[in-house]
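Heads up, my_file-v7.cif below (mmCIF, C-alpha atoms):
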```cif
data_query
#
loop_
_atom_site.label_atom_id
_atom_site.label_comp_id
_atom_site.auth_asym_id
_atom_site.auth_seq_id
_atom_site.Cartn_x
_atom_site.Cartn_y
_atom_site.Cartn_z
CA MET A 1 -6.33 -127.14 -154.45
CA LYS A 2 -8.10 -125.95 -157.57
CA TRP A 3 -6.99 -122.62 -159.08
CA SER A 4 -3.43 -123.24 -157.86
CA LEU A 5 -0.32 -122.70 -159.99
CA LYS A 6 3.00 -124.42 -159.32
CA ILE A 7 5.78 -121.84 -159.03
CA ALA A 8 8.67 -123.86 -157.62
CA ARG A 9 9.82 -127.19 -156.21
CA VAL A 10 11.95 -127.19 -153.06
CA ALA A 11 13.31 -130.32 -151.34
CA GLY A 12 11.00 -132.45 -153.48
CA ILE A 13 7.91 -130.45 -152.44
CA ASP A 14 5.80 -128.50 -154.93
CA ILE A 15 5.25 -124.84 -154.00
CA GLN A 16 1.95 -123.54 -155.36
CA ILE A 17 0.25 -120.16 -155.37
CA HIS A 18 -3.53 -119.91 -155.26
CA ALA A 19 -5.26 -117.52 -157.66
CA THR A 20 -6.81 -115.64 -154.74
CA PHE A 21 -3.30 -114.62 -153.67
CA LEU A 22 -3.39 -112.10 -156.51
CA LEU A 23 -6.22 -110.31 -154.69
CA ILE A 24 -4.07 -109.47 -151.67
CA LEU A 25 -1.19 -108.57 -154.02
CA GLY A 26 -3.42 -106.05 -155.79
CA TRP A 27 -4.81 -104.73 -152.49
CA VAL A 28 -1.30 -104.12 -151.10
CA ALA A 29 -0.17 -102.41 -154.32
CA PHE A 30 -3.21 -100.10 -154.21
CA SER A 31 -2.75 -99.35 -150.48
CA TYR A 32 0.89 -98.36 -150.94
CA TYR A 33 0.00 -96.22 -153.94
CA LEU A 34 -2.55 -94.32 -151.86
CA VAL A 35 0.13 -93.62 -149.23
CA GLY A 36 3.11 -92.83 -151.47
CA ARG A 37 1.48 -91.82 -154.76
CA SER A 38 4.42 -93.26 -156.70
CA VAL A 39 5.59 -96.35 -158.51
CA ASN A 40 8.45 -96.73 -156.01
CA ALA A 41 5.94 -96.95 -153.17
CA VAL A 42 4.05 -99.71 -154.99
CA ILE A 43 7.27 -101.63 -155.70
CA THR A 44 8.29 -101.33 -152.04
CA GLY A 45 4.90 -102.60 -150.85
CA VAL A 46 4.74 -105.52 -153.25
CA GLY A 47 8.38 -106.38 -152.48
CA PHE A 48 7.65 -106.45 -148.76
CA LEU A 49 4.62 -108.71 -149.30
CA LEU A 50 6.67 -111.12 -151.43
CA ALA A 51 9.43 -111.18 -148.79
CA LEU A 52 6.78 -111.88 -146.16
CA PHE A 53 5.34 -114.78 -148.10
CA LEU A 54 8.83 -116.14 -148.68
CA CYS A 55 9.05 -116.33 -144.89
CA VAL A 56 5.65 -118.10 -144.89
CA VAL A 57 7.03 -120.67 -147.35
CA LEU A 58 10.06 -121.21 -145.09
CA HIS A 59 7.65 -121.61 -142.16
CA GLU A 60 5.73 -124.34 -143.99
CA LEU A 61 8.97 -125.98 -145.13
CA GLY A 62 9.91 -126.15 -141.46
CA HIS A 63 6.80 -128.25 -140.82
CA ALA A 64 7.40 -130.36 -143.92
CA LEU A 65 11.06 -131.15 -143.23
CA ALA A 66 10.36 -131.90 -139.57
CA ALA A 67 7.59 -134.30 -140.66
CA ARG A 68 9.98 -135.94 -143.13
CA LYS A 69 12.29 -136.80 -140.23
CA PHE A 70 9.46 -138.98 -138.92
CA GLY A 71 8.76 -140.62 -142.26
CA ILE A 72 5.85 -138.36 -143.26
CA GLN A 73 5.92 -136.85 -146.73
CA THR A 74 4.38 -133.53 -147.78
CA LYS A 75 2.22 -133.40 -150.90
CA ASP A 76 2.59 -129.68 -151.54
CA ILE A 77 2.63 -126.20 -150.02
CA THR A 78 0.04 -123.69 -151.22
CA LEU A 79 0.17 -119.93 -150.65
CA LEU A 80 -3.19 -118.36 -149.82
CA PRO A 81 -4.14 -114.78 -148.85
CA ILE A 82 -4.37 -115.95 -145.21
CA GLY A 83 -0.97 -117.67 -145.24
CA GLY A 84 0.42 -121.02 -146.28
CA VAL A 85 -0.88 -124.58 -146.09
CA ALA A 86 1.40 -127.63 -146.07
CA ARG A 87 -0.50 -130.78 -146.97
CA LEU A 88 1.08 -133.62 -145.00
CA GLU A 89 0.20 -137.19 -145.97
CA ARG A 90 -0.82 -137.74 -142.36
CA MET A 91 -0.30 -136.28 -138.92
CA PRO A 92 2.31 -137.87 -136.63
CA GLU A 93 0.80 -140.47 -134.36
CA LYS A 94 3.23 -140.01 -131.45
CA PRO A 95 2.62 -136.88 -129.32
CA MET A 96 6.26 -135.77 -129.22
CA GLN A 97 6.58 -136.12 -132.99
CA GLU A 98 3.51 -133.93 -133.48
CA LEU A 99 4.95 -131.44 -130.98
CA TRP A 100 8.18 -131.05 -132.96
CA VAL A 101 6.38 -130.84 -136.31
CA ALA A 102 4.04 -128.15 -134.94
CA LEU A 103 6.87 -126.12 -133.37
CA ALA A 104 9.15 -126.32 -136.41
CA GLY A 105 7.25 -123.64 -138.35
CA PRO A 106 7.21 -120.93 -135.66
CA LEU A 107 10.84 -121.74 -134.83
CA VAL A 108 11.78 -120.90 -138.43
CA ASN A 109 10.18 -117.45 -138.03
CA VAL A 110 12.00 -116.91 -134.74
CA VAL A 111 15.33 -117.82 -136.39
CA ILE A 112 14.63 -115.41 -139.28
CA SER A 113 13.88 -112.62 -136.78
CA ALA A 114 17.01 -113.40 -134.79
CA VAL A 115 19.21 -113.31 -137.90
CA LEU A 116 17.68 -110.00 -139.01
CA PHE A 117 18.07 -108.53 -135.51
CA ILE A 118 21.75 -109.46 -135.32
CA GLY A 119 22.38 -108.05 -138.80
CA LEU A 120 20.59 -104.76 -138.02
CA LEU A 121 22.30 -104.46 -134.64
CA PHE A 122 25.83 -104.87 -135.97
CA SER A 123 25.16 -102.61 -138.96
CA GLY A 124 23.79 -99.87 -136.70
CA ALA A 125 20.54 -99.72 -138.70
CA LEU A 126 18.27 -100.77 -135.83
CA GLN A 127 15.63 -98.12 -135.06
CA PRO A 128 13.08 -97.77 -132.22
CA LEU A 129 10.07 -100.02 -132.80
CA GLY A 130 7.75 -97.06 -132.24
CA SER A 131 8.87 -95.59 -135.56
CA LEU A 132 7.63 -98.61 -137.51
CA SER A 133 4.28 -99.10 -139.24
CA MET A 134 2.92 -101.49 -141.87
CA THR A 135 3.84 -99.05 -144.63
CA GLY A 136 6.70 -97.13 -143.03
CA GLY A 137 10.11 -97.88 -141.57
CA PRO A 138 13.18 -99.87 -142.60
CA PHE A 139 12.33 -102.85 -144.80
CA LEU A 140 14.38 -105.45 -142.90
CA GLU A 141 13.29 -104.25 -139.47
CA ARG A 142 9.63 -104.48 -140.44
CA LEU A 143 10.27 -107.97 -141.77
CA MET A 144 11.90 -108.89 -138.44
CA VAL A 145 8.87 -107.70 -136.47
CA VAL A 146 6.38 -109.41 -138.78
CA ASN A 147 8.20 -112.73 -138.40
CA LEU A 148 7.89 -112.45 -134.63
CA PHE A 149 4.19 -111.72 -135.11
CA LEU A 150 3.83 -114.79 -137.36
CA ALA A 151 5.47 -116.99 -134.74
CA GLY A 152 3.23 -115.62 -131.98
CA PHE A 153 0.05 -115.77 -134.07
CA ASN A 154 0.66 -119.38 -135.10
CA LEU A 155 1.22 -120.37 -131.47
CA ILE A 156 -2.29 -119.31 -130.46
CA PRO A 157 -3.55 -122.48 -128.70
CA ALA A 158 -6.36 -123.19 -131.15
CA PHE A 159 -6.80 -125.43 -134.20
CA PRO A 160 -5.87 -125.11 -137.01
CA MET A 161 -3.00 -122.95 -135.67
CA ASP A 162 0.25 -124.65 -134.72
CA GLY A 163 -0.48 -123.78 -131.10
CA GLY A 164 -3.57 -125.99 -131.14
CA ARG A 165 -1.45 -128.94 -132.24
CA VAL A 166 1.11 -128.14 -129.56
CA VAL A 167 -1.65 -128.21 -126.91
CA ARG A 168 -3.01 -131.48 -128.29
CA ALA A 169 0.45 -133.06 -128.32
CA LEU A 170 1.11 -132.05 -124.70
CA LEU A 171 -2.31 -133.27 -123.55
CA ALA A 172 -1.85 -136.54 -125.48
CA THR A 173 1.15 -137.41 -123.31
CA ARG A 174 -1.34 -137.73 -120.41
CA LEU A 175 -4.71 -138.39 -122.07
CA PRO A 176 -6.04 -140.63 -124.88
CA TYR A 177 -5.53 -138.99 -128.28
CA THR A 178 -9.26 -138.50 -128.95
CA GLN A 179 -9.83 -136.93 -125.54
CA ALA A 180 -6.78 -134.68 -125.97
CA THR A 181 -8.07 -133.54 -129.36
CA GLN A 182 -11.52 -132.76 -127.98
CA ALA A 183 -10.02 -130.73 -125.13
CA ALA A 184 -7.77 -128.77 -127.51
CA ALA A 185 -10.69 -128.20 -129.90
CA THR A 186 -12.91 -126.94 -127.07
CA LEU A 187 -10.18 -124.51 -126.01
CA GLY A 188 -9.83 -123.32 -129.61
CA GLN A 189 -13.56 -122.73 -130.00
CA ALA A 190 -13.66 -120.82 -126.71
CA LEU A 191 -10.86 -118.57 -127.97
CA ALA A 192 -12.77 -118.14 -131.23
CA PHE A 193 -15.71 -116.71 -129.29
CA VAL A 194 -13.37 -114.31 -127.50
CA PHE A 195 -11.80 -113.19 -130.80
CA GLY A 196 -15.22 -112.76 -132.37
CA PHE A 197 -16.56 -110.70 -129.47
CA ILE A 198 -13.53 -108.42 -129.41
CA GLY A 199 -13.62 -108.11 -133.19
CA LEU A 200 -17.20 -106.83 -133.15
CA PHE A 201 -16.05 -103.74 -131.26
CA THR A 202 -12.51 -103.30 -132.63
CA ASN A 203 -11.29 -104.95 -135.84
CA PRO A 204 -13.67 -106.88 -138.13
CA PHE A 205 -10.72 -108.99 -139.27
CA LEU A 206 -10.77 -110.66 -135.85
CA VAL A 207 -14.29 -111.90 -136.62
CA PHE A 208 -12.91 -113.60 -139.74
CA ILE A 209 -10.11 -115.17 -137.70
CA ALA A 210 -12.64 -116.32 -135.11
CA PHE A 211 -14.73 -118.03 -137.78
CA PHE A 212 -11.61 -119.65 -139.26
CA VAL A 213 -10.48 -120.95 -135.85
CA TYR A 214 -13.94 -122.21 -134.84
CA ILE A 215 -14.43 -124.19 -138.07
CA GLY A 216 -10.87 -125.54 -137.98
CA ALA A 217 -11.27 -126.78 -134.38
CA ALA A 218 -14.57 -128.49 -135.19
CA GLN A 219 -13.12 -130.21 -138.27
CA GLU A 220 -10.05 -131.46 -136.39
CA ALA A 221 -12.20 -132.93 -133.61
CA SER A 222 -14.51 -134.57 -136.15
CA MET A 223 -11.63 -136.13 -138.10
CA VAL A 224 -10.05 -137.63 -134.99
CA GLN A 225 -13.40 -138.95 -133.74
CA MET A 226 -13.97 -140.65 -137.08
CA LYS A 227 -10.49 -142.16 -137.00
CA SER A 228 -11.15 -143.50 -133.49
CA ALA A 229 -14.55 -144.89 -134.52
CA LEU A 230 -12.97 -146.79 -137.44
CA SER A 231 -10.18 -148.31 -135.37
CA GLY A 232 -10.24 -152.12 -135.23
CA ILE A 233 -13.10 -152.56 -137.75
CA PRO A 234 -12.37 -154.68 -140.87
CA VAL A 235 -13.26 -153.29 -144.29
CA SER A 236 -15.57 -156.27 -144.87
CA GLN A 237 -18.15 -154.68 -142.54
CA ALA A 238 -18.51 -151.51 -144.63
CA MET A 239 -17.79 -152.56 -148.20
CA VAL A 240 -20.39 -152.75 -150.96
CA THR A 241 -20.98 -156.29 -152.22
CA ASP A 242 -23.63 -155.47 -154.85
CA PHE A 243 -21.71 -153.78 -157.66
CA ARG A 244 -21.12 -153.82 -161.41
CA THR A 245 -17.87 -154.60 -163.23
CA LEU A 246 -16.51 -154.24 -166.76
CA GLN A 247 -14.28 -156.46 -168.85
CA GLU A 248 -11.26 -154.69 -170.35
CA GLY A 249 -12.33 -155.47 -173.91
CA GLU A 250 -15.88 -154.13 -173.61
CA PRO A 251 -16.76 -150.86 -175.36
CA LEU A 252 -17.27 -147.64 -173.41
CA SER A 253 -20.94 -147.77 -174.41
CA ARG A 254 -21.32 -150.62 -171.90
CA ALA A 255 -19.90 -148.37 -169.20
CA ILE A 256 -22.47 -145.71 -170.14
CA GLU A 257 -25.27 -148.27 -169.65
CA LEU A 258 -24.01 -149.23 -166.19
CA LEU A 259 -23.48 -145.60 -165.18
CA MET A 260 -27.02 -144.60 -166.19
CA SER A 261 -28.72 -147.64 -164.65
CA SER A 262 -27.12 -147.48 -161.19
CA THR A 263 -25.74 -145.10 -158.59
CA GLN A 264 -22.24 -146.55 -158.97
CA GLN A 265 -19.71 -144.01 -160.25
CA ASP A 266 -16.50 -146.04 -160.60
CA PHE A 267 -16.24 -149.51 -162.13
CA PRO A 268 -13.57 -152.17 -161.53
CA VAL A 269 -12.18 -153.48 -164.82
CA LEU A 270 -11.47 -157.21 -164.99
CA SER A 271 -9.44 -159.52 -167.14
CA GLY A 272 -11.24 -162.76 -166.42
CA GLU A 273 -11.60 -162.57 -162.63
CA ARG A 274 -8.48 -160.47 -161.98
CA VAL A 275 -8.78 -156.71 -161.40
CA VAL A 276 -6.59 -154.87 -163.90
CA GLY A 277 -7.90 -151.31 -163.57
CA VAL A 278 -10.63 -148.93 -162.46
CA LEU A 279 -12.76 -146.81 -164.78
CA THR A 280 -13.88 -143.62 -163.02
CA ARG A 281 -16.77 -141.46 -164.15
CA LYS A 282 -14.35 -138.61 -164.89
CA SER A 283 -12.13 -140.85 -167.03
CA LEU A 284 -15.17 -142.19 -168.86
CA VAL A 285 -16.41 -138.71 -169.80
CA GLU A 286 -12.93 -137.62 -170.93
CA ALA A 287 -12.47 -140.80 -173.00
CA LEU A 288 -15.87 -140.36 -174.68
CA GLN A 289 -14.82 -136.90 -175.83
CA ARG A 290 -11.48 -138.14 -177.17
CA LEU A 291 -12.22 -141.65 -178.40
CA GLY A 292 -15.96 -142.12 -178.70
CA GLN A 293 -18.24 -144.77 -177.23
CA ASN A 294 -16.88 -147.65 -179.31
CA ALA A 295 -13.39 -147.45 -177.80
CA PRO A 296 -12.45 -150.30 -175.42
CA VAL A 297 -12.63 -149.81 -171.67
CA SER A 298 -8.90 -150.61 -171.45
CA ALA A 299 -8.14 -147.34 -173.28
CA ALA A 300 -9.74 -145.25 -170.52
CA MET A 301 -9.19 -147.22 -167.31
CA ASP A 302 -6.66 -146.30 -164.64
CA CYS A 303 -4.10 -149.07 -164.34
CA ARG A 304 -2.36 -147.46 -161.33
CA PHE A 305 -5.27 -148.01 -158.97
CA GLU A 306 -5.24 -148.60 -155.23
CA SER A 307 -6.90 -151.64 -153.66
CA ALA A 308 -7.69 -152.96 -150.20
CA HIS A 309 -7.47 -156.47 -148.78
CA ILE A 310 -10.49 -158.06 -147.15
CA ASN A 311 -8.64 -158.11 -143.80
CA ASP A 312 -7.55 -154.45 -143.88
CA MET A 313 -8.89 -152.17 -141.17
CA LEU A 314 -11.27 -149.33 -142.08
CA GLU A 315 -8.96 -146.80 -140.45
CA GLU A 316 -6.16 -147.67 -142.89
CA VAL A 317 -8.53 -147.85 -145.87
CA SER A 318 -10.01 -144.45 -145.00
CA ARG A 319 -6.54 -142.93 -144.83
CA LYS A 320 -5.62 -144.49 -148.17
CA LEU A 321 -8.76 -143.03 -149.80
CA GLN A 322 -7.89 -139.55 -148.50
CA GLU A 323 -4.14 -139.65 -149.11
CA ARG A 324 -4.37 -141.03 -152.65
CA GLU A 325 -7.39 -138.84 -153.50
CA CYS A 326 -9.19 -141.81 -155.06
CA HIS A 327 -12.95 -142.26 -154.85
CA THR A 328 -13.28 -146.07 -154.90
CA LEU A 329 -11.08 -148.94 -153.73
CA PRO A 330 -11.63 -152.51 -154.95
CA VAL A 331 -11.52 -155.02 -152.08
CA ILE A 332 -9.55 -158.18 -152.88
CA ALA A 333 -9.63 -161.65 -151.29
CA ASP A 334 -7.66 -164.58 -152.72
CA ASP A 335 -6.88 -162.51 -155.84
CA ARG A 336 -10.59 -162.07 -156.52
CA LEU A 337 -12.76 -158.96 -156.34
CA VAL A 338 -15.21 -159.28 -153.43
CA GLY A 339 -16.36 -155.69 -152.83
CA LEU A 340 -15.91 -151.95 -153.23
CA VAL A 341 -15.37 -149.29 -150.58
CA THR A 342 -15.81 -145.52 -150.81
CA MET A 343 -15.82 -142.68 -148.29
CA GLU A 344 -19.62 -142.60 -148.71
CA ASN A 345 -19.83 -146.25 -147.60
CA ILE A 346 -17.65 -145.53 -144.60
CA GLY A 347 -19.77 -142.49 -143.67
CA GLU A 348 -22.99 -144.50 -143.94
CA PHE A 349 -21.48 -147.32 -141.87
CA LEU A 350 -20.54 -144.87 -139.10
CA MET A 351 -23.99 -143.25 -139.20
CA ILE A 352 -25.76 -146.61 -138.82
CA ARG A 353 -23.34 -147.77 -136.13
CA SER A 354 -23.87 -144.56 -134.16
CA ALA A 355 -27.65 -144.91 -134.38
CA LEU A 356 -27.52 -148.50 -133.14
CA GLU A 357 -25.21 -147.56 -130.26
CA LYS A 358 -27.57 -144.76 -129.21
CA ARG A 359 -30.49 -147.18 -129.38
CA ALA A 360 -28.62 -149.72 -127.24
CA ALA A 361 -27.63 -147.03 -124.72
CA ALA A 362 -31.25 -145.83 -124.45
CA ALA A 363 -32.48 -149.41 -123.89
CA THR A 364 -30.14 -149.93 -120.93
CA ARG A 365 -31.36 -146.83 -119.06
#
```
Please re-express this file's structure in structure tokens.
Amino acid sequence: MKWSLKIARVAGIDIQIHATFLLILGWVAFSYYLVGRSVNAVITGVGFLLALFLCVVLHELGHALAARKFGIQTKDITLLPIGGVARLERMPEKPMQELWVALAGPLVNVVISAVLFIGLLFSGALQPLGSLSMTGGPFLERLMVVNLFLAGFNLIPAFPMDGGRVVRALLATRLPYTQATQAAATLGQALAFVFGFIGLFTNPFLVFIAFFVYIGAAQEASMVQMKSALSGIPVSQAMVTDFRTLQEGEPLSRAIELLMSSTQQDFPVLSGERVVGVLTRKSLVEALQRLGQNAPVSAAMDCRFESAHINDMLEEVSRKLQERECHTLPVIADDRLVGLVTMENIGEFLMIRSALEKRAAAATR
């Protein structure tokens, strides 16, 4: 995510903090100052928030390490005002694997609460829960209660909460994956309406949660539907065959000409007929600032590019485009460049295919 700063690396996973996190840090500091009117009160409040978000990091690490057991790597974990986000390379394809990955996070919070409870119990520091509040009560006991709340909140059966993925995983043991996702998404959107309605009369924050849940459920259903629609279709059906290329020795001024005279944004770079790199629009602009328009294309191209084979399936190519965060993939056949594929091409292909299917369905009625 943009505006994110790396603060640590744990188990090979980058931990990042988003700039907006500072907003909630400032809000908590101000709230505690209003209650306690002292620097100690502010330090206590900020300390509690940092301890809470440490638990959020452990929650996300639970997901990440569980996913690693199934061969799925995690790109990074980012702390946001609303919690943490672990970016997995992909979701587990087997229902029971997804179930364990989804449950791993809440289980971490339950374990933290259990450890704190045992420690407070044996130390005699455990107090009645009625004496606790967000700004008052023993530090560790409040942290214990909040971890239980985090576990329960994340198990709400709605995307993008862990509970939505648990529901999908359980349904997928009996139903096709796409159908299970649609059912779980519908349940999540129904709960979003309930949260929103209750929030209108009680807590406005529930309206925000409702919006978050509704959008997350819709996005999850859309992603799975697209994945299903791409299944079994070769990349040759969606690739662009009318494109421009550059030779590695040509000047960047030639790339400017091609960029201005077409809608193509990224250009395969060839050495003879062999693809040796890709020059993206971003790299071109940066190279023009550093080197000028007379510099060779080879000085600005990306040599560590991804490519697709003519026989690859669109589902795999789409995943590669998203996982590697690249905009364009050269399509290779017999060591020669035969096409280009982008997410825009794939989207247009699906749009046309859907229109033709609707036309065919209407003709058979």
message = Just the number, please: distance in Å from CA of Thr241 (chain A) to CA of Glu286 (chain A), one decimal.
response =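 It comes out at 27.6 Å.
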query = What is the CA of Phe193 (chain A) to CA of Phe212 (chain A) distance in Å?
reply = 11.2 Å
key: A:Leu58, A:Val275, A:Leu321, A:Val146 ranked by distance to Val85 (chain A), top pick (using only C-alpha atoms)   =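 Smallest separation from Val85 (chain A) among the options: A:Leu58.
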request  = Run the PyMOL selection byres ((chain A and resi 224) around 12) against the file shown and list the residues it catches, as a ChimeraX atom specification.
outcome  = /A:90-91,93,168,176-182,184-185,217-223,225-231,315,319
Atoms to include: C-alpha atoms. Write the selected residues as a PDB file, keeping the file's coordinate frame.
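Written output follows (out-v9.pdb):
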```
ATOM      1  CA  ARG A  90      -0.820-137.740-142.360  1.00  0.00           C
ATOM      2  CA  MET A  91      -0.300-136.280-138.920  1.00  0.00           C
ATOM      3  CA  GLU A  93       0.800-140.470-134.360  1.00  0.00           C
ATOM      4  CA  ARG A 168      -3.010-131.480-128.290  1.00  0.00           C
ATOM      5  CA  PRO A 176      -6.040-140.630-124.880  1.00  0.00           C
ATOM      6  CA  TYR A 177      -5.530-138.990-128.280  1.00  0.00           C
ATOM      7  CA  THR A 178      -9.260-138.500-128.950  1.00  0.00           C
ATOM      8  CA  GLN A 179      -9.830-136.930-125.540  1.00  0.00           C
ATOM      9  CA  ALA A 180      -6.780-134.680-125.970  1.00  0.00           C
ATOM     10  CA  THR A 181      -8.070-133.540-129.360  1.00  0.00           C
ATOM     11  CA  GLN A 182     -11.520-132.760-127.980  1.00  0.00           C
ATOM     12  CA  ALA A 184      -7.770-128.770-127.510  1.00  0.00           C
ATOM     13  CA  ALA A 185     -10.690-128.200-129.900  1.00  0.00           C
ATOM     14  CA  ALA A 217     -11.270-126.780-134.380  1.00  0.00           C
ATOM     15  CA  ALA A 218     -14.570-128.490-135.190  1.00  0.00           C
ATOM     16  CA  GLN A 219     -13.120-130.210-138.270  1.00  0.00           C
ATOM     17  CA  GLU A 220     -10.050-131.460-136.390  1.00  0.00           C
ATOM     18  CA  ALA A 221     -12.200-132.930-133.610  1.00  0.00           C
ATOM     19  CA  SER A 222     -14.510-134.570-136.150  1.00  0.00           C
ATOM     20  CA  MET A 223     -11.630-136.130-138.100  1.00  0.00           C
ATOM     21  CA  GLN A 225     -13.400-138.950-133.740  1.00  0.00           C
ATOM     22  CA  MET A 226     -13.970-140.650-137.080  1.00  0.00           C
ATOM     23  CA  LYS A 227     -10.490-142.160-137.000  1.00  0.00           C
ATOM     24  CA  SER A 228     -11.150-143.500-133.490  1.00  0.00           C
ATOM     25  CA  ALA A 229     -14.550-144.890-134.520  1.00  0.00           C
ATOM     26  CA  LEU A 230     -12.970-146.790-137.440  1.00  0.00           C
ATOM     27  CA  SER A 231     -10.180-148.310-135.370  1.00  0.00           C
ATOM     28  CA  GLU A 315      -8.960-146.800-140.450  1.00  0.00           C
ATOM     29  CA  ARG A 319      -6.540-142.930-144.830  1.00  0.00           C
TER      30      ARG A 319
END
```
ask   = Selected by the PyMOL selection byres ((chain A and resi 328) around 10) in the shown coordinates: which residues, as a list of chain:residue names?
value = A:Gln264, A:Gln265, A:Asp266, A:Phe267, A:Pro268, A:Val278, A:Leu279, A:Thr280, A:Phe305, A:Glu306, A:Ser307, A:Leu321, A:Glu325, A:Cys326, A:His327, A:Leu329, A:Pro330, A:Val331, A:Leu340, A:Val341, A:Thr342, A:Met343, A:Glu344, A:Asn345
Mind writing the picked residues with C-alpha atoms as an mmCIF file, in the frame of the given file?
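And here is the file that came out, result-v1.cif:
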```cif
data_model
loop_
_atom_site.group_PDB
_atom_site.id
_atom_site.type_symbol
_atom_site.label_atom_id
_atom_site.label_comp_id
_atom_site.auth_asym_id
_atom_site.auth_seq_id
_atom_site.Cartn_x
_atom_site.Cartn_y
_atom_site.Cartn_z
ATOM 1 C CA GLN A 264 -22.240 -146.550 -158.970
ATOM 2 C CA GLN A 265 -19.710 -144.010 -160.250
ATOM 3 C CA ASP A 266 -16.500 -146.040 -160.600
ATOM 4 C CA PHE A 267 -16.240 -149.510 -162.130
ATOM 5 C CA PRO A 268 -13.570 -152.170 -161.530
ATOM 6 C CA VAL A 278 -10.630 -148.930 -162.460
ATOM 7 C CA LEU A 279 -12.760 -146.810 -164.780
ATOM 8 C CA THR A 280 -13.880 -143.620 -163.020
ATOM 9 C CA PHE A 305 -5.270 -148.010 -158.970
ATOM 10 C CA GLU A 306 -5.240 -148.600 -155.230
ATOM 11 C CA SER A 307 -6.900 -151.640 -153.660
ATOM 12 C CA LEU A 321 -8.760 -143.030 -149.800
ATOM 13 C CA GLU A 325 -7.390 -138.840 -153.500
ATOM 14 C CA CYS A 326 -9.190 -141.810 -155.060
ATOM 15 C CA HIS A 327 -12.950 -142.260 -154.850
ATOM 16 C CA LEU A 329 -11.080 -148.940 -153.730
ATOM 17 C CA PRO A 330 -11.630 -152.510 -154.950
ATOM 18 C CA VAL A 331 -11.520 -155.020 -152.080
ATOM 19 C CA LEU A 340 -15.910 -151.950 -153.230
ATOM 20 C CA VAL A 341 -15.370 -149.290 -150.580
ATOM 21 C CA THR A 342 -15.810 -145.520 -150.810
ATOM 22 C CA MET A 343 -15.820 -142.680 -148.290
ATOM 23 C CA GLU A 344 -19.620 -142.600 -148.710
ATOM 24 C CA ASN A 345 -19.830 -146.250 -147.600
#
```
task = Have a look at A:Ser271, A:Gln289, A:Val108, A:Gln322 and name the one nearest to His59 (chain A); count only C-alpha atoms.
result = A:Val108
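For the choices A:Leu258, A:Gln237, A:Trp3, A:Lys69, the atom-to-atom distance to Glu348 (chain A) is smallest for A:Gln237 when using all atoms listed in the file.
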task = Translate the PyMOL selection byres ((chain A and resi 81) around 10), as applied to the file shown, into an explicit residue set as a VMD selection string.
result = chain A and resid 17 to 25 53 79 to 80 82 to 84
Print the selection's residues with C-alpha atoms to a file, as a short mmCIF file (atom, residue, chain, number, x, y, z; two decimals), keeping the file's coordinate frame.
```cif
data_model
loop_
_atom_site.label_atom_id
_atom_site.label_comp_id
_atom_site.auth_asym_id
_atom_site.auth_seq_id
_atom_site.Cartn_x
_atom_site.Cartn_y
_atom_site.Cartn_z
CA ILE A 17 0.25 -120.16 -155.37
CA HIS A 18 -3.53 -119.91 -155.26
CA ALA A 19 -5.26 -117.52 -157.66
CA THR A 20 -6.81 -115.64 -154.74
CA PHE A 21 -3.30 -114.62 -153.67
CA LEU A 22 -3.39 -112.10 -156.51
CA LEU A 23 -6.22 -110.31 -154.69
CA ILE A 24 -4.07 -109.47 -151.67
CA LEU A 25 -1.19 -108.57 -154.02
CA PHE A 53 5.34 -114.78 -148.10
CA LEU A 79 0.17 -119.93 -150.65
CA LEU A 80 -3.19 -118.36 -149.82
CA ILE A 82 -4.37 -115.95 -145.21
CA GLY A 83 -0.97 -117.67 -145.24
CA GLY A 84 0.42 -121.02 -146.28
#
```
ask   = In terms of the shortest atom-to-atom distance over only C-alpha atoms, which of A:Lys94, A:Cys55, A:Pro157, A:Pro138 is closest to Val111 (chain A)?
value = A:Cys55
query = If you count only C-alpha atoms, which residues fall within 10 Å of Asn154 (chain A), apart from same-chain ones fewer than 5 positions away, as a count of residues only?
reply = 11
Report the centre and edge lengths, in Å to one decimal, of an axis-aligned box enclosing every atom of region 283-298 of chain A listed in the file, padded by 3 Å on each side, as AutoDock Vina command-line options.
```
--center_x -13.6 --center_y -143.8 --center_z -173.2 --size_x 15.3 --size_y 19.7 --size_z 18.3
```
query = Quick one, how far is CA of Ile118 (chain A) from CA of Ile43 (chain A)?
reply =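 Pair CA of Ile118 (chain A) / CA of Ile43 (chain A) returns 26.2 Å.
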ask   = Of the candidates A:Gly277, A:Asn203, A:Leu350, A:Val194, which one gets nearest to Leu314 (chain A) if we count all atoms listed in the file?
value =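 Looking only at the distances to Leu314 (chain A), the closest residue turns out to be A:Leu350.
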Using all atoms listed in the file, determine which residues lie at most 9 Å from Gly196 (chain A), disregarding the query and same-chain residues fewer than 3 positions distant; provide the list as a short mmCIF file (atom, residue, chain, number, x, y, z; two decimals) with C-alpha atoms, in the coordinates of the input.
```cif
data_model
loop_
_atom_site.label_atom_id
_atom_site.label_comp_id
_atom_site.auth_asym_id
_atom_site.auth_seq_id
_atom_site.Cartn_x
_atom_site.Cartn_y
_atom_site.Cartn_z
CA LEU A 191 -10.86 -118.57 -127.97
CA ALA A 192 -12.77 -118.14 -131.23
CA PHE A 193 -15.71 -116.71 -129.29
CA GLY A 199 -13.62 -108.11 -133.19
CA LEU A 200 -17.20 -106.83 -133.15
CA PRO A 204 -13.67 -106.88 -138.13
CA LEU A 206 -10.77 -110.66 -135.85
CA VAL A 207 -14.29 -111.90 -136.62
CA PHE A 208 -12.91 -113.60 -139.74
CA ILE A 209 -10.11 -115.17 -137.70
CA ALA A 210 -12.64 -116.32 -135.11
CA PHE A 211 -14.73 -118.03 -137.78
#
```
